[in-house]
$ cat input-v3.txt   # compact mmCIF, C-alpha atoms
# COMPACT_ATOMS: atom_id res chain seq x y z
CA MET A 1 0.00 0.00 0.00
CA SER A 2 1.43 3.38 -0.94
CA GLU A 3 1.68 6.10 1.65
CA MET A 4 -0.54 9.13 1.10
CA LYS A 5 0.98 12.51 1.69
CA SER A 6 -1.45 14.85 3.36
CA SER A 7 -1.43 18.41 4.50
CA ILE A 8 -3.77 20.07 6.91
CA ARG A 9 -5.19 23.41 5.86
CA LEU A 10 -7.27 25.37 8.34
CA ILE A 11 -10.15 27.45 7.05
CA ASP A 12 -11.33 29.76 9.82
CA THR A 13 -15.07 30.47 9.58
CA THR A 14 -15.33 32.93 12.48
CA LEU A 15 -16.16 35.81 10.14
CA ARG A 16 -18.87 33.84 8.32
CA ASP A 17 -20.41 31.07 10.42
CA GLY A 18 -19.47 32.89 13.61
CA SER A 19 -21.49 35.92 12.52
CA HIS A 20 -24.69 34.09 13.48
CA ALA A 21 -23.71 34.54 17.14
CA VAL A 22 -23.55 38.33 16.73
CA SER A 23 -26.63 38.67 14.50
CA HIS A 24 -24.39 39.32 11.48
CA GLN A 25 -23.18 42.61 12.94
CA TYR A 26 -19.43 42.36 12.39
CA THR A 27 -18.03 45.74 11.42
CA ALA A 28 -15.44 46.32 8.73
CA GLN A 29 -12.95 47.00 11.55
CA ASN A 30 -13.83 43.71 13.29
CA ILE A 31 -13.16 41.89 10.01
CA THR A 32 -9.86 43.66 9.43
CA ASP A 33 -8.71 42.96 13.00
CA VAL A 34 -9.60 39.25 12.94
CA CYS A 35 -8.05 38.78 9.50
CA ALA A 36 -4.85 40.48 10.65
CA GLY A 37 -4.66 37.92 13.47
CA LEU A 38 -5.35 35.00 11.12
CA GLU A 39 -2.65 36.27 8.78
CA LYS A 40 -0.19 36.59 11.65
CA GLY A 41 -1.10 33.09 12.84
CA GLY A 42 -0.47 31.53 9.44
CA VAL A 43 -4.03 30.25 8.95
CA TYR A 44 -4.61 28.94 5.42
CA ALA A 45 -7.90 30.75 4.75
CA ALA A 46 -10.37 33.17 6.30
CA GLU A 47 -13.99 32.60 5.29
CA VAL A 48 -15.76 35.96 5.31
CA GLY A 49 -19.38 36.93 4.78
CA HIS A 50 -22.90 36.77 6.12
CA GLY A 51 -23.57 33.61 8.11
CA ALA A 52 -25.72 32.31 5.26
CA GLY A 53 -23.00 33.17 2.72
CA ILE A 54 -22.80 35.87 0.10
CA GLY A 55 -26.27 37.07 -0.83
CA GLY A 56 -27.56 35.97 2.59
CA SER A 57 -28.18 39.44 4.01
CA ILE A 58 -31.96 39.31 3.58
CA LEU A 59 -34.96 39.67 5.88
CA GLU A 60 -35.37 35.91 6.39
CA TYR A 61 -31.78 35.43 7.59
CA GLY A 62 -31.10 38.83 9.12
CA PHE A 63 -29.39 41.83 7.63
CA ALA A 64 -25.64 42.15 7.98
CA LYS A 65 -24.09 45.38 9.26
CA GLU A 66 -21.82 45.55 6.19
CA THR A 67 -22.35 44.65 2.55
CA ASP A 68 -20.72 41.54 1.08
CA LYS A 69 -18.40 43.81 -0.89
CA THR A 70 -17.32 45.75 2.21
CA MET A 71 -16.76 42.57 4.21
CA LEU A 72 -14.57 41.05 1.50
CA SER A 73 -12.59 44.22 0.80
CA SER A 74 -12.00 44.75 4.55
CA ALA A 75 -10.50 41.27 4.77
CA ARG A 76 -8.52 41.49 1.55
CA LYS A 77 -6.64 44.63 2.58
CA VAL A 78 -4.79 42.74 5.35
CA LEU A 79 -4.60 39.21 3.92
CA LYS A 80 -1.34 38.54 2.11
CA ASN A 81 -0.62 34.83 2.61
CA THR A 82 -3.95 33.81 4.14
CA LYS A 83 -6.47 33.06 1.40
CA LEU A 84 -9.81 34.91 1.26
CA ALA A 85 -12.77 32.53 1.16
CA THR A 86 -16.53 32.83 1.16
CA LEU A 87 -19.56 30.54 1.19
CA LEU A 88 -22.11 30.52 -1.61
CA VAL A 89 -25.48 28.80 -1.22
CA PRO A 90 -27.14 28.55 -4.65
CA GLY A 91 -30.47 30.35 -4.44
CA LEU A 92 -29.07 32.94 -2.03
CA GLY A 93 -25.76 33.74 -3.68
CA THR A 94 -25.79 34.39 -7.39
CA MET A 95 -23.30 34.13 -10.21
CA ASP A 96 -23.01 37.94 -10.11
CA ASP A 97 -22.26 37.78 -6.37
CA LEU A 98 -19.44 35.36 -7.12
CA ARG A 99 -18.04 37.62 -9.84
CA MET A 100 -18.16 40.60 -7.45
CA ALA A 101 -16.34 38.56 -4.81
CA VAL A 102 -13.59 37.73 -7.30
CA ASP A 103 -13.28 41.44 -8.11
CA GLU A 104 -12.71 41.98 -4.37
CA GLY A 105 -9.86 39.45 -4.34
CA LEU A 106 -11.59 36.18 -3.46
CA ASP A 107 -9.37 33.08 -3.60
CA ILE A 108 -11.72 30.28 -2.48
CA VAL A 109 -15.44 29.61 -2.81
CA ARG A 110 -17.24 26.91 -0.84
CA VAL A 111 -20.45 26.02 -2.66
CA ALA A 112 -22.88 24.70 -0.05
CA LEU A 113 -25.45 22.14 -1.18
CA HIS A 114 -27.79 19.53 0.23
CA CYS A 115 -25.91 16.24 -0.01
CA THR A 116 -28.22 14.83 -2.68
CA GLU A 117 -28.56 17.95 -4.83
CA VAL A 118 -25.16 18.57 -6.43
CA THR A 119 -26.80 19.51 -9.73
CA ALA A 120 -28.15 22.67 -8.02
CA GLY A 121 -24.56 23.86 -7.71
CA GLU A 122 -23.19 22.74 -11.05
CA GLN A 123 -23.06 26.22 -12.61
CA HIS A 124 -21.60 27.76 -9.43
CA ILE A 125 -18.83 25.16 -9.16
CA MET A 126 -18.02 25.53 -12.85
CA LEU A 127 -17.97 29.34 -12.62
CA GLY A 128 -15.71 29.19 -9.56
CA LYS A 129 -13.20 27.14 -11.54
CA LYS A 130 -13.54 29.36 -14.62
CA LEU A 131 -12.79 32.41 -12.44
CA GLY A 132 -9.63 30.73 -11.13
CA LEU A 133 -10.87 30.00 -7.61
CA GLU A 134 -10.08 27.06 -5.41
CA THR A 135 -13.56 25.57 -5.47
CA ILE A 136 -14.89 23.44 -2.64
CA CYS A 137 -18.17 21.53 -2.81
CA PHE A 138 -19.64 21.56 0.70
CA PHE A 139 -22.26 18.83 1.15
CA MET A 140 -24.61 19.42 4.09
CA MET A 141 -27.00 17.07 5.90
CA CYS A 142 -24.96 14.00 5.01
CA HIS A 143 -26.83 11.84 7.51
CA MET A 144 -29.82 11.96 5.16
CA THR A 145 -28.41 9.61 2.54
CA THR A 146 -26.18 6.60 2.00
CA PRO A 147 -22.42 6.50 1.49
CA GLU A 148 -23.04 5.23 -2.04
CA ILE A 149 -25.18 8.23 -2.96
CA LEU A 150 -22.66 10.59 -1.33
CA ALA A 151 -19.92 9.01 -3.44
CA GLN A 152 -22.02 9.46 -6.58
CA GLN A 153 -22.72 13.13 -5.74
CA ALA A 154 -19.03 13.72 -4.95
CA LYS A 155 -18.02 12.22 -8.29
CA MET A 156 -20.40 14.60 -10.08
CA ALA A 157 -19.01 17.57 -8.12
CA ARG A 158 -15.49 16.54 -9.15
CA GLU A 159 -16.61 16.35 -12.79
CA TYR A 160 -17.95 19.92 -12.47
CA GLY A 161 -14.48 20.99 -11.29
CA ALA A 162 -14.57 20.88 -7.48
CA ASP A 163 -11.07 20.75 -6.01
CA VAL A 164 -12.27 19.52 -2.62
CA ILE A 165 -15.36 17.65 -1.46
CA TYR A 166 -16.37 18.60 2.07
CA LEU A 167 -18.91 16.48 3.97
CA ALA A 168 -20.83 17.77 6.99
CA ASP A 169 -23.69 16.57 9.12
CA SER A 170 -25.10 20.04 9.62
CA ALA A 171 -28.44 19.04 11.13

$ encode --input "input-v3.txt" --output "structure tokens"
Amino acid sequence: MSEMKSSIRLIDTTLRDGSHAVSHQYTAQNITDVCAGLEKGGVYAAEVGHGAGIGGSILEYGFAKETDKTMLSSARKVLKNTKLATLLVPGLGTMDDLRMAVDEGLDIVRVALHCTEVTAGEQHIMLGKKLGLETICFFMMCHMTTPEILAQQAKMAREYGADVIYLADSA
């Protein structure tokens, strides 16, 4: 059996998932300060945005203090080695949101999908790759299907261009 070489890359989600705890009220200064610390600490990537991802600042999920563009640009101005990431949930985030994020210096997109609905993210995964992003397919609710179906969905995501397949039981 050949030995696999692996590397661990930390993606800090404080400025995205963690925003739920503060009702999405991170300020541009909060984002800059946290990103400066992540950069200093050598963290691989900082995931920035509304808790529900880009495009998530809506009535149903709660309005963010800052726009997606402001959040991303606040992070980008201090990130040099740490990659800038965001989450995109198809149906909330749009193709135009992704293009705007790239204009603000985005390096990584995590496309979040129900574990049996990879086709809903096909165009987003493909656009992420076309725009030169590290593209991660983030399957949620993985307890709701079988390993065989997960493998089939992961294979499709890889065919669309996903660099990484991320499985979560986010119930």

$ closest_atom_pairs --input "input-v3.txt" --of "segment 105-168 of chain A" --to "segment 50-68 of chain A" --cutoff "10 Å" --atoms "only C-alpha atoms" --output "JSON lines"
{"residue": "A:Arg110", "atom": "CA", "partner": "A:Gly53", "partner_atom": "CA", "distance": 9.2}
{"residue": "A:Val111", "atom": "CA", "partner": "A:Gly53", "partner_atom": "CA", "distance": 9.3}
{"residue": "A:Ala112", "atom": "CA", "partner": "A:Gly53", "partner_atom": "CA", "distance": 8.9}

$ write_last_selection --input "input-v3.txt" --atoms "C-alpha atoms" --output "PDB file, keeping the file's coordinate frame"
ATOM      1  CA  ARG A 110     -17.240  26.910  -0.840  1.00  0.00           C
ATOM      2  CA  VAL A 111     -20.450  26.020  -2.660  1.00  0.00           C
ATOM      3  CA  ALA A 112     -22.880  24.700  -0.050  1.00  0.00           C
TER       4      ALA A 112
END

$ residues_around --input "input-v3.txt" --residues "Leu84 of chain A" --least-positions-apart "2" --cutoff "10 Å" --atoms "all atoms listed in the file" --output "list in words"
Ile11, Cys35, Tyr44, Ala45, Ala46, Glu47, Val48, Leu72, Ser73, Ala75, Arg76, Leu79, Lys80, Asn81, Thr82, Thr86, Ala101, Val102, Glu104, Gly105, Leu106, Asp107, Ile108 and Val109 of chain A

$ closest_residue --input "input-v3.txt" --among "A:His114, A:Arg99, A:Arg9, A:Lys83" --to "Glu134 of chain A" --atoms "only C-alpha atoms"
A:Lys83

$ atom_distance --input "input-v3.txt" --atom1 "atom CA of Val164 of chain A" --atom2 "atom CA of Gln152 of chain A"
14.6 Å

$ atom_distance --input "input-v3.txt" --atom1 "atom CA of Thr14 of chain A" --atom2 "atom CA of Leu98 of chain A"
20.2 Å

$ closest_residue --input "input-v3.txt" --among "A:Asp163, A:Phe138, A:Leu150, A:Arg16" --to "Met126 of chain A" --atoms "all atoms listed in the file"
A:Asp163

$ residues_around --input "input-v3.txt" --residues "Gln123 of chain A" --least-positions-apart "6" --cutoff "10 Å" --atoms "all atoms listed in the file" --output "list in words"
Pro90, Met95, Lys129 and Tyr160 of chain A

$ atom_distance --input "input-v3.txt" --atom1 "atom CA of His20 of chain A" --atom2 "atom CA of Leu88 of chain A"
15.7 Å

$ closest_residue --input "input-v3.txt" --among "A:Leu167, A:Val22, A:Met141, A:Ala157" --to "Ile125 of chain A" --atoms "only C-alpha atoms"
A:Ala157
